[in-house]
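Asks: Next comes the structure file my_file00.pdb, holding PDB, C-alpha atoms and all ligand atoms.
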```pdb
ATOM      1  CA  MET A   1     136.896 107.559 146.873
ATOM      2  CA  SER A   2     139.457 105.229 145.437
ATOM      3  CA  LEU A   3     141.643 105.838 142.422
ATOM      4  CA  THR A   4     139.809 103.093 140.587
ATOM      5  CA  ASP A   5     136.606 105.122 140.437
ATOM      6  CA  ASN A   6     136.150 106.577 137.005
ATOM      7  CA  ASP A   7     136.105 110.176 138.194
ATOM      8  CA  TRP A   8     139.883 109.966 138.512
ATOM      9  CA  TYR A   9     142.403 110.028 135.713
ATOM     10  CA  VAL A  10     145.146 107.566 136.608
ATOM     11  CA  GLU A  11     148.453 106.975 134.837
ATOM     12  CA  GLN A  12     150.240 103.907 136.092
ATOM     13  CA  TRP A  13     154.003 103.919 135.902
ATOM     14  CA  GLU A  14     155.173 100.407 135.157
ATOM     15  CA  ASP A  15     158.840 101.261 135.649
ATOM     16  CA  GLY A  16     158.240 102.645 139.142
ATOM     17  CA  GLN A  17     155.270 100.432 140.110
ATOM     18  CA  SER A  18     153.431 103.588 141.182
ATOM     19  CA  SER A  19     150.956 106.038 139.715
ATOM     20  CA  ILE A  20     149.525 109.553 139.633
ATOM     21  CA  GLY A  21     145.815 110.273 140.008
ATOM     22  CA  LEU A  22     144.060 113.491 139.130
ATOM     23  CA  ARG A  23     140.476 113.990 140.206
ATOM     24  CA  LEU A  24     138.254 114.949 137.291
ATOM     25  CA  THR A  25     135.286 117.324 137.162
ATOM     26  CA  GLU A  26     131.842 116.054 136.241
ATOM     27  CA  ALA A  27     132.484 116.865 132.590
ATOM     28  CA  ALA A  28     135.612 114.651 132.841
ATOM     29  CA  LYS A  29     136.689 113.834 129.293
ATOM     30  CA  VAL A  30     136.131 116.829 127.045
ATOM     31  CA  HIS A  31     137.840 115.569 123.901
ATOM     32  CA  GLU A  32     139.232 112.376 122.487
ATOM     33  CA  GLU A  33     140.451 111.515 119.034
ATOM     34  CA  GLN A  34     142.697 109.119 117.240
ATOM     35  CA  SER A  35     144.969 111.160 114.978
ATOM     36  CA  PRO A  36     146.908 109.422 112.196
ATOM     37  CA  PHE A  37     149.738 109.057 114.750
ATOM     38  CA  GLN A  38     148.354 108.700 118.269
ATOM     39  CA  LYS A  39     145.389 108.979 120.633
ATOM     40  CA  ILE A  40     144.985 112.498 122.002
ATOM     41  CA  ALA A  41     142.607 113.229 124.900
ATOM     42  CA  ILE A  42     141.667 116.260 126.985
ATOM     43  CA  TYR A  43     140.183 116.057 130.485
ATOM     44  CA  ASP A  44     138.989 118.670 132.968
ATOM     45  CA  THR A  45     140.465 118.094 136.405
ATOM     46  CA  GLN A  46     139.387 119.470 139.786
ATOM     47  CA  SER A  47     142.651 121.148 140.688
ATOM     48  CA  PHE A  48     145.091 120.871 137.773
ATOM     49  CA  GLY A  49     142.930 122.569 135.155
ATOM     50  CA  ARG A  50     143.021 120.938 131.757
ATOM     51  CA  LEU A  51     144.949 117.734 131.180
ATOM     52  CA  MET A  52     146.256 116.555 127.791
ATOM     53  CA  THR A  53     147.213 112.921 127.341
ATOM     54  CA  ILE A  54     148.794 111.215 124.340
ATOM     55  CA  ASP A  55     148.373 107.461 124.146
ATOM     56  CA  ASP A  56     147.162 107.607 127.765
ATOM     57  CA  LEU A  57     150.321 109.294 129.057
ATOM     58  CA  VAL A  58     150.174 112.688 130.768
ATOM     59  CA  MET A  59     151.651 115.329 128.461
ATOM     60  CA  LEU A  60     150.709 118.456 130.345
ATOM     61  CA  THR A  61     148.282 120.092 132.727
ATOM     62  CA  SER A  62     147.341 123.772 132.940
ATOM     63  CA  ARG A  63     148.679 123.964 136.474
ATOM     64  CA  ASP A  64     152.213 122.624 136.246
ATOM     65  CA  ASN A  65     153.306 122.763 132.580
ATOM     66  CA  PHE A  66     155.124 126.070 133.162
ATOM     67  CA  ILE A  67     157.902 124.308 135.079
ATOM     68  CA  TYR A  68     158.647 121.874 132.253
ATOM     69  CA  HIS A  69     158.319 124.412 129.443
ATOM     70  CA  GLU A  70     160.492 127.025 131.147
ATOM     71  CA  MET A  71     163.193 124.472 131.962
ATOM     72  CA  MET A  72     163.153 123.081 128.422
ATOM     73  CA  SER A  73     163.842 126.507 126.944
ATOM     74  CA  HIS A  74     165.532 129.152 129.118
ATOM     75  CA  PRO A  75     168.564 127.152 130.375
ATOM     76  CA  ALA A  76     169.451 126.151 126.784
ATOM     77  CA  LEU A  77     168.977 129.672 125.451
ATOM     78  CA  PHE A  78     171.122 131.133 128.235
ATOM     79  CA  ALA A  79     173.749 128.416 127.647
ATOM     80  CA  HIS A  80     174.269 129.700 124.094
ATOM     81  CA  PRO A  81     176.155 132.994 123.701
ATOM     82  CA  ASN A  82     173.721 134.517 121.197
ATOM     83  CA  PRO A  83     170.839 132.292 120.057
ATOM     84  CA  LYS A  84     168.994 133.557 116.981
ATOM     85  CA  ARG A  85     167.777 130.440 115.138
ATOM     86  CA  VAL A  86     165.923 127.896 117.260
ATOM     87  CA  VAL A  87     164.292 124.608 116.254
ATOM     88  CA  ILE A  88     161.882 122.621 118.422
ATOM     89  CA  ILE A  89     161.419 118.953 117.568
ATOM     90  CA  GLY A  90     158.033 117.827 118.911
ATOM     91  CA  GLY A  91     156.456 120.342 121.269
ATOM     92  CA  GLY A  92     153.207 120.410 119.293
ATOM     93  CA  ASP A  93     151.290 121.947 122.205
ATOM     94  CA  CYS A  94     153.342 125.136 121.587
ATOM     95  CA  GLY A  95     154.271 125.661 125.251
ATOM     96  CA  THR A  96     158.005 125.520 124.527
ATOM     97  CA  LEU A  97     157.604 127.772 121.489
ATOM     98  CA  ARG A  98     155.967 130.424 123.662
ATOM     99  CA  GLU A  99     158.890 130.412 126.118
ATOM    100  CA  VAL A 100     161.524 130.572 123.356
ATOM    101  CA  LEU A 101     159.868 133.610 121.799
ATOM    102  CA  LYS A 102     160.147 135.488 125.098
ATOM    103  CA  HIS A 103     163.839 135.963 124.199
ATOM    104  CA  PRO A 104     164.048 139.191 122.195
ATOM    105  CA  GLY A 105     167.266 138.047 120.450
ATOM    106  CA  VAL A 106     165.587 135.019 118.857
ATOM    107  CA  GLU A 107     164.920 135.820 115.202
ATOM    108  CA  HIS A 108     163.244 132.594 114.100
ATOM    109  CA  CYS A 109     161.786 129.595 115.901
ATOM    110  CA  LEU A 110     160.634 126.606 113.888
ATOM    111  CA  GLN A 111     158.485 123.979 115.606
ATOM    112  CA  VAL A 112     158.571 120.598 113.845
ATOM    113  CA  ASP A 113     155.926 118.200 115.147
ATOM    114  CA  ILE A 114     154.757 115.213 113.155
ATOM    115  CA  ASP A 115     151.160 115.552 114.380
ATOM    116  CA  GLU A 116     149.239 118.694 113.444
ATOM    117  CA  ARG A 117     146.286 117.558 115.574
ATOM    118  CA  VAL A 118     148.271 118.139 118.797
ATOM    119  CA  THR A 119     148.644 121.804 117.858
ATOM    120  CA  ARG A 120     145.023 122.215 116.741
ATOM    121  CA  ILE A 121     143.779 120.644 119.974
ATOM    122  CA  ALA A 122     146.160 122.789 122.058
ATOM    123  CA  GLU A 123     144.767 125.874 120.293
ATOM    124  CA  MET A 124     141.297 124.823 121.427
ATOM    125  CA  TYR A 125     142.015 123.714 124.989
ATOM    126  CA  PHE A 126     145.278 125.446 125.954
ATOM    127  CA  PRO A 127     144.993 128.804 124.158
ATOM    128  CA  GLU A 128     147.395 130.387 126.683
ATOM    129  CA  LEU A 129     150.195 128.135 125.364
ATOM    130  CA  CYS A 130     149.477 129.171 121.783
ATOM    131  CA  ASP A 131     149.434 132.929 122.184
ATOM    132  CA  SER A 132     152.783 133.310 120.394
ATOM    133  CA  ASN A 133     151.849 131.154 117.398
ATOM    134  CA  ASN A 134     151.165 134.243 115.321
ATOM    135  CA  ASP A 135     154.441 135.913 116.256
ATOM    136  CA  PRO A 136     156.150 136.698 112.914
ATOM    137  CA  ARG A 137     159.252 134.834 114.183
ATOM    138  CA  ALA A 138     157.286 131.572 114.689
ATOM    139  CA  GLU A 139     156.970 128.899 112.022
ATOM    140  CA  LEU A 140     155.062 125.638 112.431
ATOM    141  CA  ALA A 141     155.823 122.565 110.323
ATOM    142  CA  PHE A 142     153.948 119.277 110.621
ATOM    143  CA  ILE A 143     156.488 116.770 109.379
ATOM    144  CA  ASP A 144     158.798 114.085 110.741
ATOM    145  CA  GLY A 145     161.458 115.759 112.914
ATOM    146  CA  VAL A 146     164.039 113.001 112.462
ATOM    147  CA  LYS A 147     163.822 113.316 108.690
ATOM    148  CA  TRP A 148     163.877 117.123 108.881
ATOM    149  CA  MET A 149     167.075 116.979 110.928
ATOM    150  CA  GLU A 150     168.694 114.664 108.366
ATOM    151  CA  GLU A 151     167.961 117.078 105.554
ATOM    152  CA  VAL A 152     168.501 120.526 107.090
ATOM    153  CA  GLU A 153     171.406 122.642 105.913
ATOM    154  CA  PRO A 154     174.443 121.928 108.137
ATOM    155  CA  GLY A 155     175.388 124.693 110.577
ATOM    156  CA  SER A 156     172.057 126.501 110.244
ATOM    157  CA  VAL A 157     170.607 126.215 113.793
ATOM    158  CA  ASP A 158     171.829 127.795 117.055
ATOM    159  CA  VAL A 159     169.664 125.866 119.531
ATOM    160  CA  ILE A 160     167.772 122.574 119.108
ATOM    161  CA  ILE A 161     165.098 121.678 121.677
ATOM    162  CA  VAL A 162     163.719 118.140 121.597
ATOM    163  CA  ASP A 163     160.361 118.218 123.410
ATOM    164  CA  SER A 164     159.263 114.636 122.857
ATOM    165  CA  THR A 165     157.188 111.932 124.481
ATOM    166  CA  ASP A 166     158.749 108.968 126.312
ATOM    167  CA  PRO A 167     161.339 106.963 124.325
ATOM    168  CA  VAL A 168     158.882 104.389 123.026
ATOM    169  CA  GLY A 169     157.369 104.088 119.563
ATOM    170  CA  PHE A 170     158.452 106.738 117.086
ATOM    171  CA  ALA A 171     160.118 108.875 119.817
ATOM    172  CA  GLU A 172     162.630 106.071 120.447
ATOM    173  CA  GLY A 173     164.885 107.152 117.586
ATOM    174  CA  LEU A 174     165.266 110.574 119.215
ATOM    175  CA  PHE A 175     167.508 109.090 121.921
ATOM    176  CA  LYS A 176     169.992 107.381 119.597
ATOM    177  CA  VAL A 177     173.520 108.327 118.448
ATOM    178  CA  LYS A 178     172.337 108.497 114.819
ATOM    179  CA  PHE A 179     169.846 111.269 115.623
ATOM    180  CA  PHE A 180     172.337 113.136 117.843
ATOM    181  CA  LYS A 181     174.844 113.133 114.966
ATOM    182  CA  THR A 182     172.317 114.793 112.676
ATOM    183  CA  CYS A 183     171.668 117.392 115.409
ATOM    184  CA  LEU A 184     175.385 118.096 115.766
ATOM    185  CA  ARG A 185     175.640 118.618 112.016
ATOM    186  CA  ALA A 186     172.582 120.912 111.949
ATOM    187  CA  LEU A 187     174.022 123.087 114.715
ATOM    188  CA  ALA A 188     176.103 126.144 114.002
ATOM    189  CA  ASP A 189     179.344 126.721 115.866
ATOM    190  CA  PRO A 190     178.743 127.240 118.754
ATOM    191  CA  GLY A 191     175.491 125.347 119.176
ATOM    192  CA  VAL A 192     173.400 123.880 121.978
ATOM    193  CA  MET A 193     170.888 121.061 122.048
ATOM    194  CA  VAL A 194     168.546 120.107 124.874
ATOM    195  CA  GLN A 195     166.224 117.169 125.183
ATOM    196  CA  GLN A 196     163.697 116.039 127.754
ATOM    197  CA  SER A 197     165.329 113.089 129.534
ATOM    198  CA  GLU A 198     162.718 111.496 131.807
ATOM    199  CA  SER A 199     162.934 110.933 135.574
ATOM    200  CA  PRO A 200     166.259 111.022 137.455
ATOM    201  CA  LEU A 201     164.785 108.560 139.958
ATOM    202  CA  PHE A 202     163.225 106.035 137.562
ATOM    203  CA  HIS A 203     165.385 106.464 134.476
ATOM    204  CA  SER A 204     168.960 107.197 135.577
ATOM    205  CA  GLY A 205     170.137 104.507 133.143
ATOM    206  CA  LEU A 206     168.469 106.313 130.251
ATOM    207  CA  ILE A 207     170.059 109.609 131.302
ATOM    208  CA  ALA A 208     173.495 107.982 131.605
ATOM    209  CA  GLY A 209     172.960 106.418 128.161
ATOM    210  CA  MET A 210     172.116 109.813 126.706
ATOM    211  CA  HIS A 211     175.360 111.276 128.061
ATOM    212  CA  LYS A 212     177.248 108.427 126.432
ATOM    213  CA  ASN A 213     175.380 108.736 123.130
ATOM    214  CA  LEU A 214     175.723 112.532 122.958
ATOM    215  CA  LYS A 215     179.482 112.288 123.547
ATOM    216  CA  ALA A 216     179.730 109.426 121.029
ATOM    217  CA  ALA A 217     177.966 111.666 118.506
ATOM    218  CA  GLY A 218     180.702 114.272 118.994
ATOM    219  CA  PHE A 219     179.282 116.816 121.457
ATOM    220  CA  ASP A 220     181.933 118.392 123.703
ATOM    221  CA  ALA A 221     180.069 118.814 126.982
ATOM    222  CA  VAL A 222     176.869 117.312 128.386
ATOM    223  CA  ASN A 223     174.836 118.416 131.422
ATOM    224  CA  THR A 224     171.607 117.166 132.951
ATOM    225  CA  LEU A 225     169.319 119.636 134.729
ATOM    226  CA  HIS A 226     166.546 118.480 137.038
ATOM    227  CA  PHE A 227     163.293 119.986 138.208
ATOM    228  CA  PRO A 228     160.024 118.932 139.820
ATOM    229  CA  GLN A 229     157.152 117.844 137.595
ATOM    230  CA  CYS A 230     154.560 116.328 139.845
ATOM    231  CA  THR A 231     152.365 114.884 137.078
ATOM    232  CA  TYR A 232     155.158 112.920 135.353
ATOM    233  CA  PRO A 233     156.552 109.558 136.546
ATOM    234  CA  SER A 234     158.077 109.909 140.063
ATOM    235  CA  GLY A 235     157.192 113.616 140.130
ATOM    236  CA  TRP A 236     160.787 114.525 139.309
ATOM    237  CA  TRP A 237     161.989 115.212 135.777
ATOM    238  CA  SER A 238     165.055 116.232 133.788
ATOM    239  CA  CYS A 239     166.417 117.616 130.570
ATOM    240  CA  THR A 240     169.856 116.893 129.161
ATOM    241  CA  MET A 241     171.848 119.522 127.352
ATOM    242  CA  ALA A 242     174.807 119.145 125.013
ATOM    243  CA  GLY A 243     177.170 121.756 123.613
ATOM    244  CA  LYS A 244     179.020 122.028 120.318
ATOM    245  CA  HIS A 245     182.072 124.126 121.166
ATOM    246  CA  VAL A 246     180.281 125.612 124.166
ATOM    247  CA  ASP A 247     179.933 124.340 127.746
ATOM    248  CA  PRO A 248     176.259 124.221 128.828
ATOM    249  CA  GLY A 249     177.562 123.970 132.402
ATOM    250  CA  LYS A 250     178.701 127.605 132.153
ATOM    251  CA  PRO A 251     175.578 129.556 131.147
ATOM    252  CA  ARG A 252     175.187 133.338 130.880
ATOM    253  CA  LEU A 253     173.768 133.687 134.393
ATOM    254  CA  GLY A 254     174.402 137.431 134.436
ATOM    255  CA  ASP A 255     172.111 137.845 131.432
ATOM    256  CA  ALA A 256     169.626 135.403 132.971
ATOM    257  CA  SER A 257     169.426 137.486 136.143
ATOM    258  CA  GLU A 258     168.755 140.615 134.053
ATOM    259  CA  LYS A 259     166.224 139.034 131.688
ATOM    260  CA  ASP A 260     163.403 141.410 130.823
ATOM    261  CA  PHE A 261     160.582 138.881 130.425
ATOM    262  CA  PRO A 262     158.468 137.150 133.083
ATOM    263  CA  THR A 263     158.810 133.511 134.148
ATOM    264  CA  ARG A 264     157.076 131.661 136.971
ATOM    265  CA  TYR A 265     159.688 129.022 137.780
ATOM    266  CA  TYR A 266     162.962 129.819 136.059
ATOM    267  CA  HIS A 267     165.488 132.348 137.342
ATOM    268  CA  ALA A 268     169.280 132.575 137.321
ATOM    269  CA  ASP A 269     169.965 131.027 140.762
ATOM    270  CA  LEU A 270     167.569 128.203 140.039
ATOM    271  CA  HIS A 271     169.371 127.560 136.754
ATOM    272  CA  ARG A 272     172.626 127.211 138.688
ATOM    273  CA  GLY A 273     170.975 124.878 141.203
ATOM    274  CA  ALA A 274     169.351 122.706 138.530
ATOM    275  CA  LEU A 275     172.812 121.975 137.118
ATOM    276  CA  ALA A 276     173.927 120.344 140.380
ATOM    277  CA  VAL A 277     173.500 116.614 139.797
ATOM    278  CA  PRO A 278     172.584 114.283 142.713
ATOM    279  CA  VAL A 279     175.271 111.796 143.808
ATOM    280  CA  PHE A 280     173.516 108.662 142.502
ATOM    281  CA  LEU A 281     172.959 110.221 139.096
ATOM    282  CA  ARG A 282     176.566 111.426 138.846
ATOM    283  CA  GLU A 283     177.664 107.874 139.651
ATOM    284  CA  ALA A 284     175.357 106.386 137.023
ATOM    285  CA  ILE A 285     176.659 108.832 134.400
ATOM    286  CA  ASP A 286     180.308 108.234 135.309
ATOM    287  CA  ALA A 287     179.807 104.459 135.216
ATOM    288  CA  GLU A 288     178.622 104.507 131.574
TER
HETATM  289  N1  LIG B 301     156.798 115.864 126.843
HETATM  290  C1  LIG B 301     157.273 114.927 127.850
HETATM  291  C2  LIG B 301     156.210 113.978 128.259
HETATM  292  C3  LIG B 301     156.694 112.777 129.004
HETATM  293  C4  LIG B 301     155.649 112.334 129.952
HETATM  294  N2  LIG B 301     155.708 110.962 130.267
HETATM  295  C5  LIG B 301     154.731 110.296 130.907
HETATM  296  N3  LIG B 301     153.680 110.893 131.318
HETATM  297  N4  LIG B 301     154.883 109.011 131.115
HETATM  298  C6  LIG B 301     155.701 116.677 127.175
HETATM  299  C7  LIG B 301     155.305 117.620 126.099
HETATM  300  C8  LIG B 301     154.988 118.960 126.630
HETATM  301  N5  LIG B 301     155.265 119.986 125.663
END
```
Output the file's structure in the form of structure tokens.
Ligand code: AG3

Replies:
Amino acid sequence: MSLTDNDWYVEQWEDGQSSIGLRLTEAAKVHEEQSPFQKIAIYDTQSFGRLMTIDDLVMLTSRDNFIYHEMMSHPALFAHPNPKRVVIIGGGDCGTLREVLKHPGVEHCLQVDIDERVTRIAEMYFPELCDSNNDPRAELAFIDGVKWMEEVEPGSVDVIIVDSTDPVGFAEGLFKVKFFKTCLRALADPGVMVQQSESPLFHSGLIAGMHKNLKAAGFDAVNTLHFPQCTYPSGWWSCTMAGKHVDPGKPRLGDASEKDFPTRYYHADLHRGALAVPVFLREAIDAE
């Protein structure tokens, strides 16, 4: 079988001149629709369970999404001394929301995704990611996250999590100084923001640019954490965290090691390890 046969889902990575292929079941594509914002599709794969794509890019699979969702939430929440009010920008599949609500101290988590269809489709095909949607602390809004951030009351959020697609199209603005400034203003004191920041191997320039832009926006300390994500470009992914009067490089690892909720990837020692940046990436960041 070659990857060009149509029983494989293939995403080609232009920036790395490489690709990922997932073998599909006979049912193959189980859903496809064009929402007002993007094309959303669901496939059944042989060994990765369900696959969701947006505009033909892999967003998540049943098998490996836990790594991404745990790393997008727990390190940021343990970097903040006492997070109560959390906002997720994007994250319409609700996987990040579920992880955030595992923290008993969180009083309110608002998910702001522009596209309601992503959430409705996740409810149908990834119900396990949506099992906290009815938690009384959860609130879902289907509006533009950039605009929301511009208008929110200053100092009203403890942790911001930006769970976006790649920085193309309407997600592009999420990587700019202008957006980071609105995040800084929205954050209380202290406050933490974290954003998915693509592949350390393919996109070190983007990560270095984010460090520069976050500092230019006024954040005090910036850290990139890395983790495997075998279905995303290069199989290696990252998130970048920034602190307002708090150092995300010094998380509450004691509390993390005593956490009273289950995770499948994240734990305190791994959090410490994920903060150690490879030499080439450190150099790229320092050169900016
Ligand atoms: N958000 C990051 C998706 C980036 C994937 N890029 C790609 N396949 N080229 C995922 C959303 C999960 N909540």

Asks: Looking at A:Asp64, A:Asp163, A:Glu128, A:Glu151, which one is nearest to ligand LIG 301 (chain B), with distances taken over all atoms listed in the file?

Replies: A:Asp163

Asks: Decode the PyMOL selection byres (((not hetatm)) within 6 of (chain B and resi 301)) for the given file into explicit residues and return them as a ChimeraX atom specification.

Replies: /A:57-60,91,93,95,163-166,232-233

Asks: Find the residue from A:Gln34, A:Ser73, A:Thr240, A:Thr231 that sits nearest to A:Asn213; use only C-alpha atoms when measuring.

Replies: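 Looking only at the distances to A:Asn213, the closest residue turns out to be A:Thr240.
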
Asks: Pick from A:Val159, A:Leu51, A:Ile67, A:Ile42: nearest to A:Arg264, with all atoms listed in the file counted?

Replies: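 Checking each of A:Val159, A:Leu51, A:Ile67, A:Ile42 against A:Arg264, counting all atoms listed in the file, the winner is A:Ile67.
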
Asks: Which residue out of A:Arg120, A:Ala141, A:Thr61, A:Met71 has the minimum interatomic distance to A:Ala274 when all atoms listed in the file are used?

Replies: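 Smallest distance to A:Ala274 is found for A:Met71.
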
Asks: What is the distance, in Å and to one decimal place, between atom CA of A:Leu253 and atom CA of A:Ala76?

Replies: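 Result for atom CA of A:Leu253 versus atom CA of A:Ala76: 11.5 Å, one decimal.
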
Asks: In Å, rounded to a single decimal, give me how far atom CA of A:Arg137 is from atom CA of A:Val222.

Replies: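 Atom CA of A:Val222 sits 28.6 Å away from atom CA of A:Arg137.
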
Asks: Output, as AutoDock Vina command-line options, the centre and edge lengths in Å (one decimal) of the axis-aligned box that contains all listed atoms of stretch 61-66 of chain A with 4 Å of margin on each side.

Replies:
```
--center_x 151.2 --center_y 123.1 --center_z 134.5 --size_x 15.8 --size_y 14.0 --size_z 11.9
```

Asks: Pick out the residues sitting within 12 Å of A:Pro127, and hand them over as a PyMOL selection string; count all atoms listed in the file, and ignore anything fewer than 2 positions along from it in its own chain.

Replies: chain A and resi 50+62+93-95+98+119-125+129-133

Asks: Find the residues around A:Glu70 up to 8 Å (only C-alpha atoms counted), leave out those fewer than 6 positions away in its own chain, and share them as number ranges by chain.

Replies: A: 96, 99, 263, 265-266

Asks: Using the chain letters and numbers from this file, what does the PyMOL selection byres (((chain A and resi 22-29) around 12) and not hetatm) select? Give the answer as a PyMOL selection string.

Replies: chain A and resi 1-12+19-21+30-33+40-53+58+61+63+230-232

Asks: For the structure shown, which residues end up in the PyMOL selection byres (((chain A and resi 220) around 9) and not hetatm)? Put them as a list in words, please?

Replies: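 Evaluating the PyMOL selection byres (((chain A and resi 220) around 9) and not hetatm) on these coordinates yields Leu214, Lys215, Gly218, Phe219, Ala221, Val222, Ala242, Gly243, Lys244, His245, Val246 and Asp247 of chain A.
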
Asks: If I put a ball of radius 12 Å at (163.9, 117.2, 117.2) in the file's coordinates, which residues poke into it when counting all atoms listed in the file, written as a ChimeraX atom specification?

Replies: /A:86-92,110-114,141,143-150,152,157,159-165,170-176,179-184,186-187,193-196

Asks: Write out as a PyMOL selection string the residues lying within 8 Å of stretch 78-80 of chain A, counting all atoms listed in the file and excluding same-chain residues fewer than 6 positions away.

Replies: chain A and resi 158-159+190-192+246-253+255-256

Asks: Restricted to C-alpha atoms, what would the selected residues look like written as a PDB file, in the frame of the given file?

Replies:
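In the end it all went to out.pdb:
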```pdb
ATOM      1  CA  ASP A 158     171.829 127.795 117.055  1.00  0.00           C
ATOM      2  CA  VAL A 159     169.664 125.866 119.531  1.00  0.00           C
ATOM      3  CA  PRO A 190     178.743 127.240 118.754  1.00  0.00           C
ATOM      4  CA  GLY A 191     175.491 125.347 119.176  1.00  0.00           C
ATOM      5  CA  VAL A 192     173.400 123.880 121.978  1.00  0.00           C
ATOM      6  CA  VAL A 246     180.281 125.612 124.166  1.00  0.00           C
ATOM      7  CA  ASP A 247     179.933 124.340 127.746  1.00  0.00           C
ATOM      8  CA  PRO A 248     176.259 124.221 128.828  1.00  0.00           C
ATOM      9  CA  GLY A 249     177.562 123.970 132.402  1.00  0.00           C
ATOM     10  CA  LYS A 250     178.701 127.605 132.153  1.00  0.00           C
ATOM     11  CA  PRO A 251     175.578 129.556 131.147  1.00  0.00           C
ATOM     12  CA  ARG A 252     175.187 133.338 130.880  1.00  0.00           C
ATOM     13  CA  LEU A 253     173.768 133.687 134.393  1.00  0.00           C
ATOM     14  CA  ASP A 255     172.111 137.845 131.432  1.00  0.00           C
ATOM     15  CA  ALA A 256     169.626 135.403 132.971  1.00  0.00           C
TER      16      ALA A 256
END
```

Asks: Let me make sure I understand: among A:Ser35, A:Asn223, A:Asp135, A:Val118, which one has the smallest atom-to-atom distance to A:Val106 if we use all atoms listed in the file?

Replies: A:Asp135
